[in-house]
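Below is the file my_file_4.txt, which contains compact mmCIF, C-alpha atoms.
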```txt
# COMPACT_ATOMS: atom_id res chain seq x y z
CA MET A 198 -46.79 -57.15 204.85
CA ARG A 199 -49.73 -55.51 203.13
CA ASN A 200 -51.71 -55.64 206.37
CA PHE A 201 -48.87 -53.87 208.20
CA LEU A 202 -48.64 -51.06 205.63
CA ARG A 203 -52.41 -50.52 205.98
CA SER A 204 -52.33 -50.71 209.76
CA THR A 205 -52.76 -47.79 212.14
CA SER A 206 -49.33 -48.43 213.66
CA PHE A 207 -47.53 -47.89 210.33
CA LYS A 208 -49.44 -44.67 209.66
CA ILE A 209 -48.47 -43.36 213.10
CA LEU A 210 -44.82 -44.29 212.48
CA LEU A 211 -44.83 -42.57 209.06
CA THR A 212 -46.36 -39.43 210.55
CA VAL A 213 -43.67 -39.28 213.24
CA ALA A 214 -40.91 -39.69 210.59
CA VAL A 215 -42.30 -36.85 208.46
CA VAL A 216 -42.57 -34.58 211.52
CA LEU A 217 -38.96 -35.35 212.50
CA LEU A 218 -37.71 -34.63 208.94
CA ALA A 219 -39.60 -31.36 208.80
CA GLY A 220 -38.13 -30.39 212.14
CA ALA A 221 -34.63 -31.15 210.93
CA ILE A 222 -35.11 -29.00 207.84
CA ALA A 223 -36.57 -26.17 209.90
CA ALA A 224 -33.66 -26.34 212.33
CA ALA A 225 -31.11 -26.20 209.49
CA ALA A 226 -32.93 -23.26 207.92
CA LEU A 227 -33.05 -21.34 211.20
CA ALA A 228 -29.34 -21.99 211.76
CA SER A 229 -28.44 -20.65 208.26
CA GLY A 230 -30.84 -17.68 208.48
CA THR A 231 -33.00 -18.81 205.55
CA SER A 232 -36.61 -19.82 205.38
CA PRO A 233 -37.56 -23.49 205.23
CA LEU A 234 -38.93 -23.01 201.69
CA THR A 235 -35.72 -21.34 200.53
CA SER A 236 -33.65 -24.09 202.10
CA ALA A 237 -35.76 -26.74 200.45
CA VAL A 238 -35.51 -25.01 197.06
CA GLY A 239 -31.76 -24.63 197.54
CA THR A 240 -31.46 -28.32 198.32
CA VAL A 241 -33.39 -29.25 195.20
CA PHE A 242 -31.54 -26.85 192.82
CA SER A 243 -28.07 -27.16 194.34
CA PRO A 244 -26.98 -29.79 191.72
CA LEU A 245 -28.14 -27.45 188.93
CA SER A 246 -26.10 -24.61 190.44
CA ASP A 247 -23.02 -26.83 190.60
CA ALA A 248 -23.53 -27.81 186.97
CA ALA A 249 -23.83 -24.13 185.92
CA ALA A 250 -20.63 -23.29 187.77
CA TYR A 251 -18.82 -26.15 186.02
CA ILE A 252 -20.02 -25.01 182.58
CA SER A 253 -18.96 -21.42 183.34
CA GLU A 254 -15.49 -22.59 184.33
CA LYS A 255 -15.12 -24.56 181.10
CA PHE A 256 -16.26 -21.53 179.07
CA ASP A 257 -13.63 -19.37 180.74
CA ASN A 258 -11.01 -21.97 179.83
CA PHE A 259 -12.24 -21.96 176.24
CA LYS A 260 -12.04 -18.17 176.13
CA GLY A 261 -8.50 -18.33 177.41
CA GLY A 262 -7.64 -20.85 174.71
CA PHE A 263 -9.15 -18.56 172.06
CA ILE A 264 -6.95 -15.67 173.17
CA SER A 265 -3.97 -17.99 173.07
CA SER A 266 -4.84 -18.94 169.46
CA ARG A 267 -4.84 -15.27 168.50
CA SER A 268 -1.37 -15.00 169.97
CA TYR A 269 -0.28 -17.95 167.87
CA MET A 270 -1.71 -16.30 164.77
CA ASP A 271 0.20 -13.10 165.52
CA ARG A 272 3.37 -15.14 165.94
CA VAL A 273 2.76 -16.90 162.63
CA GLU A 274 2.35 -13.55 160.86
CA GLU A 275 5.55 -12.31 162.45
CA LEU A 276 7.43 -15.41 161.27
CA GLU A 277 5.99 -15.04 157.76
CA GLU A 278 7.29 -11.47 157.63
CA GLN A 279 10.72 -12.69 158.74
CA VAL A 280 10.70 -15.39 156.04
CA ALA A 281 9.76 -12.78 153.39
CA ASP A 282 12.61 -10.57 154.60
CA TYR A 283 15.08 -13.47 154.44
CA GLN A 284 13.89 -14.38 150.94
CA SER A 285 14.42 -10.78 149.80
CA LYS A 286 17.92 -10.82 151.26
CA LEU A 287 18.58 -14.15 149.54
CA VAL A 288 17.56 -12.66 146.19
CA ASP A 289 19.88 -9.70 146.79
CA TYR A 290 22.66 -12.12 147.72
CA GLU A 291 22.18 -14.15 144.54
CA LYS A 292 22.22 -10.96 142.44
CA LEU A 293 25.40 -9.84 144.18
CA GLN A 294 26.95 -13.27 143.66
CA LYS A 295 26.23 -13.13 139.92
CA GLN A 296 27.69 -9.62 139.76
CA VAL A 297 30.83 -10.87 141.48
CA GLU A 298 31.08 -13.70 138.94
CA ALA A 299 30.65 -11.20 136.10
CA TYR A 300 33.41 -8.99 137.51
CA GLU A 301 35.71 -11.97 137.95
CA LYS A 302 35.26 -12.81 134.27
CA PHE A 303 35.80 -9.14 133.44
CA LEU A 304 39.11 -9.12 135.32
CA GLY A 305 40.25 -12.10 133.27
CA VAL A 306 39.42 -10.30 130.03
CA LYS A 307 41.06 -7.11 131.28
CA GLU A 308 44.26 -8.96 132.14
CA LYS A 309 44.41 -10.44 128.63
CA ASN A 310 43.48 -7.14 126.98
CA PRO A 311 44.89 -4.20 128.96
CA ASP A 312 43.99 -1.82 126.12
CA PHE A 313 40.23 -2.46 126.61
CA GLN A 314 38.18 0.30 128.23
CA PHE A 315 34.96 -0.90 129.88
CA VAL A 316 31.70 0.40 131.26
CA ALA A 317 29.73 -1.99 133.48
CA GLY A 318 25.98 -2.30 133.01
CA THR A 319 23.04 -4.21 134.43
CA VAL A 320 20.10 -5.37 132.33
CA ILE A 321 17.11 -3.21 133.24
CA GLY A 322 14.72 -4.13 130.46
CA ARG A 323 13.90 -6.53 127.65
CA ASP A 324 11.55 -6.10 124.72
CA ALA A 325 9.16 -9.04 124.84
CA ALA A 326 8.18 -8.31 121.23
CA ASP A 327 11.78 -8.64 120.04
CA VAL A 328 12.25 -12.32 119.23
CA PHE A 329 16.01 -11.84 118.78
CA GLY A 330 16.69 -10.95 122.42
CA SER A 331 17.62 -7.26 122.48
CA PHE A 332 17.95 -5.74 125.95
CA VAL A 333 18.57 -2.46 127.79
CA LEU A 334 21.53 -1.67 130.06
CA ASN A 335 21.61 0.99 132.77
CA CYS A 336 24.61 2.79 131.27
CA GLY A 337 24.54 5.37 128.51
CA SER A 338 26.19 8.27 126.73
CA ALA A 339 26.90 10.03 130.04
CA ASP A 340 29.12 7.04 130.88
CA GLY A 341 30.94 7.16 127.55
CA VAL A 342 28.82 4.53 125.78
CA ALA A 343 28.28 5.12 122.06
CA VAL A 344 26.34 3.45 119.24
CA GLY A 345 28.40 0.63 117.73
CA ASP A 346 30.22 -0.30 120.95
CA PRO A 347 30.63 -4.07 121.49
CA VAL A 348 28.88 -5.63 124.49
CA ILE A 349 30.38 -8.68 126.20
CA SER A 350 29.66 -11.11 129.01
CA GLY A 351 32.98 -12.43 130.20
CA GLU A 352 35.02 -13.19 127.07
CA TYR A 353 31.91 -13.74 124.94
CA LEU A 354 30.49 -11.22 122.48
CA ILE A 355 26.73 -10.94 123.05
CA GLY A 356 25.75 -7.84 121.08
CA ILE A 357 26.33 -4.29 119.95
CA VAL A 358 24.95 -0.96 121.18
CA ASN A 359 22.19 0.20 118.85
CA GLU A 360 20.75 3.23 120.68
CA THR A 361 21.85 5.40 123.59
CA SER A 362 20.41 7.86 126.06
CA PRO A 363 22.32 9.66 128.82
CA THR A 364 21.55 6.89 131.32
CA SER A 365 20.83 3.76 129.25
CA CYS A 366 21.51 1.96 126.00
CA THR A 367 19.74 -0.61 123.83
CA VAL A 368 21.77 -3.63 122.74
CA LEU A 369 21.14 -5.78 119.66
CA SER A 370 22.03 -9.42 120.25
CA VAL A 371 24.40 -11.34 118.00
CA CYS A 372 21.35 -13.26 116.76
CA ASP A 373 19.67 -10.15 115.36
CA PRO A 374 19.57 -10.04 111.52
CA LYS A 375 20.91 -6.47 111.72
CA PHE A 376 24.05 -7.68 113.50
CA SER A 377 27.20 -8.57 111.58
CA ALA A 378 30.83 -9.06 112.56
CA ALA A 379 34.05 -10.09 110.84
CA ALA A 380 34.99 -13.48 112.29
CA TYR A 381 37.11 -16.59 111.92
CA GLU A 382 37.19 -20.20 113.12
CA ILE A 383 40.15 -20.63 115.44
CA ARG A 384 41.21 -24.20 114.45
CA THR A 385 41.33 -23.68 110.70
CA GLY A 386 41.86 -19.93 110.67
CA GLU A 387 39.19 -19.61 107.98
CA ALA A 388 37.68 -16.15 107.91
CA GLY A 389 34.20 -14.97 107.08
CA TYR A 390 31.51 -12.79 108.57
CA THR A 391 28.54 -13.44 110.81
CA GLN A 392 24.99 -12.78 109.80
CA THR A 393 21.70 -14.52 110.30
CA THR A 394 18.20 -14.90 108.94
CA THR A 395 14.96 -14.26 110.75
CA LYS A 396 14.28 -18.00 110.92
CA LEU A 397 17.68 -18.82 112.42
CA GLY A 398 17.74 -15.73 114.63
CA VAL A 399 14.50 -16.75 116.31
CA GLN A 400 16.14 -20.10 117.09
CA GLY A 401 19.12 -18.30 118.64
CA VAL A 402 21.49 -19.29 115.81
CA LEU A 403 23.67 -17.18 113.49
CA LYS A 404 25.75 -17.95 110.41
CA LEU A 405 29.45 -17.72 109.64
CA SER A 406 29.18 -17.02 105.94
CA GLY A 407 31.74 -16.74 103.17
CA LEU A 408 33.42 -20.14 103.62
CA GLU A 409 35.06 -21.89 100.69
CA ARG A 410 33.60 -24.98 99.05
CA ASP A 411 36.40 -27.13 100.44
CA THR A 412 36.13 -25.62 103.93
CA ALA A 413 37.67 -27.54 106.81
CA VAL A 414 35.41 -25.88 109.37
CA ALA A 415 33.53 -28.59 111.23
CA GLU A 416 31.11 -29.13 114.08
CA GLY A 417 32.55 -28.06 117.42
CA GLY A 418 34.77 -25.32 115.97
CA ILE A 419 35.03 -22.05 117.93
CA VAL A 420 34.16 -18.82 116.10
CA CYS A 421 35.73 -15.53 117.28
CA THR A 422 35.84 -11.94 116.09
CA SER A 423 38.74 -11.27 113.73
CA GLY A 424 39.09 -7.54 114.41
CA VAL A 425 38.82 -6.68 110.71
CA GLY A 426 37.02 -3.37 110.20
CA GLY A 427 37.83 -1.94 113.62
CA VAL A 428 34.31 -2.48 115.00
CA PHE A 429 35.12 -5.38 117.31
CA PRO A 430 38.45 -6.24 118.93
CA ARG A 431 40.02 -9.51 117.85
CA GLY A 432 39.48 -12.67 119.87
CA LEU A 433 36.00 -12.23 121.37
CA ILE A 434 34.23 -15.60 121.33
CA ILE A 435 30.96 -15.61 119.38
CA GLY A 436 29.92 -19.25 119.55
CA THR A 437 30.38 -22.87 118.52
CA VAL A 438 29.80 -24.41 115.10
CA THR A 439 26.86 -26.83 115.09
CA THR A 440 26.75 -27.69 111.37
CA VAL A 441 28.15 -26.69 107.94
CA GLN A 442 25.77 -26.10 105.03
CA LYS A 443 25.94 -25.05 101.38
CA GLU A 444 24.45 -21.67 100.52
CA GLU A 445 21.40 -21.90 98.27
CA GLY A 446 22.14 -20.67 94.77
CA ASP A 447 25.83 -20.16 95.56
CA ILE A 448 29.04 -22.13 95.55
CA SER A 449 30.06 -20.95 99.00
CA TYR A 450 29.32 -22.59 102.33
CA TYR A 451 28.33 -21.35 105.75
CA ALA A 452 28.52 -22.66 109.28
CA GLU A 453 25.64 -22.41 111.73
CA VAL A 454 26.93 -21.05 115.02
CA LYS A 455 25.31 -21.31 118.45
CA PRO A 456 26.27 -18.48 120.85
CA GLU A 457 28.06 -19.61 124.01
CA ILE A 458 25.91 -17.35 126.19
CA GLU A 459 22.15 -17.68 126.65
CA ILE A 460 21.41 -14.01 126.06
CA SER A 461 17.96 -14.15 127.63
CA GLU A 462 19.61 -15.06 130.95
CA VAL A 463 22.25 -12.30 130.95
CA GLN A 464 21.89 -9.92 133.90
CA ASP A 465 25.21 -8.06 133.89
CA ALA A 466 27.37 -7.08 130.93
CA PHE A 467 30.25 -4.80 129.94
CA VAL A 468 30.40 -2.31 127.09
CA ILE A 469 33.80 -1.98 125.43
CA THR A 470 34.06 1.76 124.85
CA ASP A 471 37.60 1.71 123.49
CA PHE A 472 40.31 -0.72 122.39
CA GLU A 473 43.49 -0.70 120.35
CA GLY A 474 42.59 -0.61 116.65
CA LYS A 475 39.06 0.72 117.14
CA GLY A 476 37.86 2.43 113.99
CA ASP A 477 40.71 1.11 111.84
CA ALA A 478 39.42 -0.02 108.47
```

Encoded form using structure tokens:
Amino acid sequence: MRNFLRSTSFKILLTVAVVLLAGAIAAAALASGTSPLTSAVGTVFSPLSDAAAYISEKFDNFKGGFISSRSYMDRVEELEEQVADYQSKLVDYEKLQKQVEAYEKFLGVKEKNPDFQFVAGTVIGRDAADVFGSFVLNCGSADGVAVGDPVISGEYLIGIVNETSPTSCTVLSVCDPKFSAAAYEIRTGEAGYTQTTTKLGVQGVLKLSGLERDTAVAEGGIVCTSGVGGVFPRGLIIGTVTTVQKEEGDISYYAEVKPEIEISEVQDAFVITDFEGKGDA
């Protein structure tokens, strides 16, 4: 085999093959209108050109996907805005629902006490520094509200108007040491008056003071306004007795009373501007 590859016959055959290949390339180049060198270069670099075209196509697809992602982001933002709008409407709905509940309770009180005159108010402010829970309503002297008017939530007494302006009023809660009301326990009929100390007021508790030593008032008793003094109408619920204690340095007893309403959670209330017996000593 080695002798054949080195022979003159093989060299002649190889020369003929090269000439035929060159002729074929030249013929193809002349038919396509390009030079043999250009055709040869094109043949060599054609795979690279195909690869570049493939990469370009993939890049275009990636670009299209990027634009599509931007569209998705815009859609997400739009949906987030819709969710925020729905949440706002839900908050408004819940506020309206609580107002409806407050008015339903008000109607019940009005039916039982047709002589009551009311002004509706919404809590618009609270004093964070006031540990006894005073608050501000959006009704004032222009609405007929005056200092000393009782403030209720449903059938429960929650405070008394302490200050007024034409469009608002400040309410002291029943747990404020400056608050006092003539009251009685409905089961026993025992009468006294409410007051509280700073320590108890901070805990949201007031006292029914003035009870006798042999008092029958016990835990679970309901304490209501008695109407004595003409400041509060009779029958407004103040709270429930939690315990009965002896006054220090005195022979009398007192009952600790927990208000029925969590005053810090009140959003809507009614001011009683007039009632039968108001101002009667």

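As for CA of Pro430 (chain A) and CA of Thr391 (chain A), they are spaced 14.7 Å apart.
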
Non-local contacts of Ala379 (chain A) (6 Å; all atoms listed in the file; under 5 positions in same chain excluded) as a PyMOL selection string: chain A and resi 390+422-423+425

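CA of Ala415 (chain A) lies 8.0 Å from CA of Ala452 (chain A).
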
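Residue nearest Ile460 (chain A), chosen from A:Val399, A:Ile355, A:Ile448, A:Ile321 and counting all atoms listed in the file: A:Ile355.
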
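Those residues that approach Pro311 (chain A) to within 12 Å, counting all atoms listed in the file, are Phe303, Leu304, Gly305, Val306, Lys307, Glu308, Gln314, Phe315, Ile469, Asp471, Phe472 and Glu473 of chain A; same-chain residues fewer than 3 positions away are not listed.
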
Neighbour residues at most 7 Å from (23.4, 7.6, 129.4) (all atoms listed in the file) as a PyMOL selection string: chain A and resi 336-340+361-366

Please enclose the listed atoms of region 452-464 of chain A in an axis-aligned box, pad each side by 6 Å, and write out the centre and the three edge lengths in Å, rounded to one decimal, as AutoDock Vina command-line options.
```
--center_x 23.2 --center_y -16.3 --center_z 121.6 --size_x 22.6 --size_y 24.7 --size_z 36.6
```

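In this structure, CA of Val428 (chain A) sits 14.4 Å away from CA of Leu369 (chain A).
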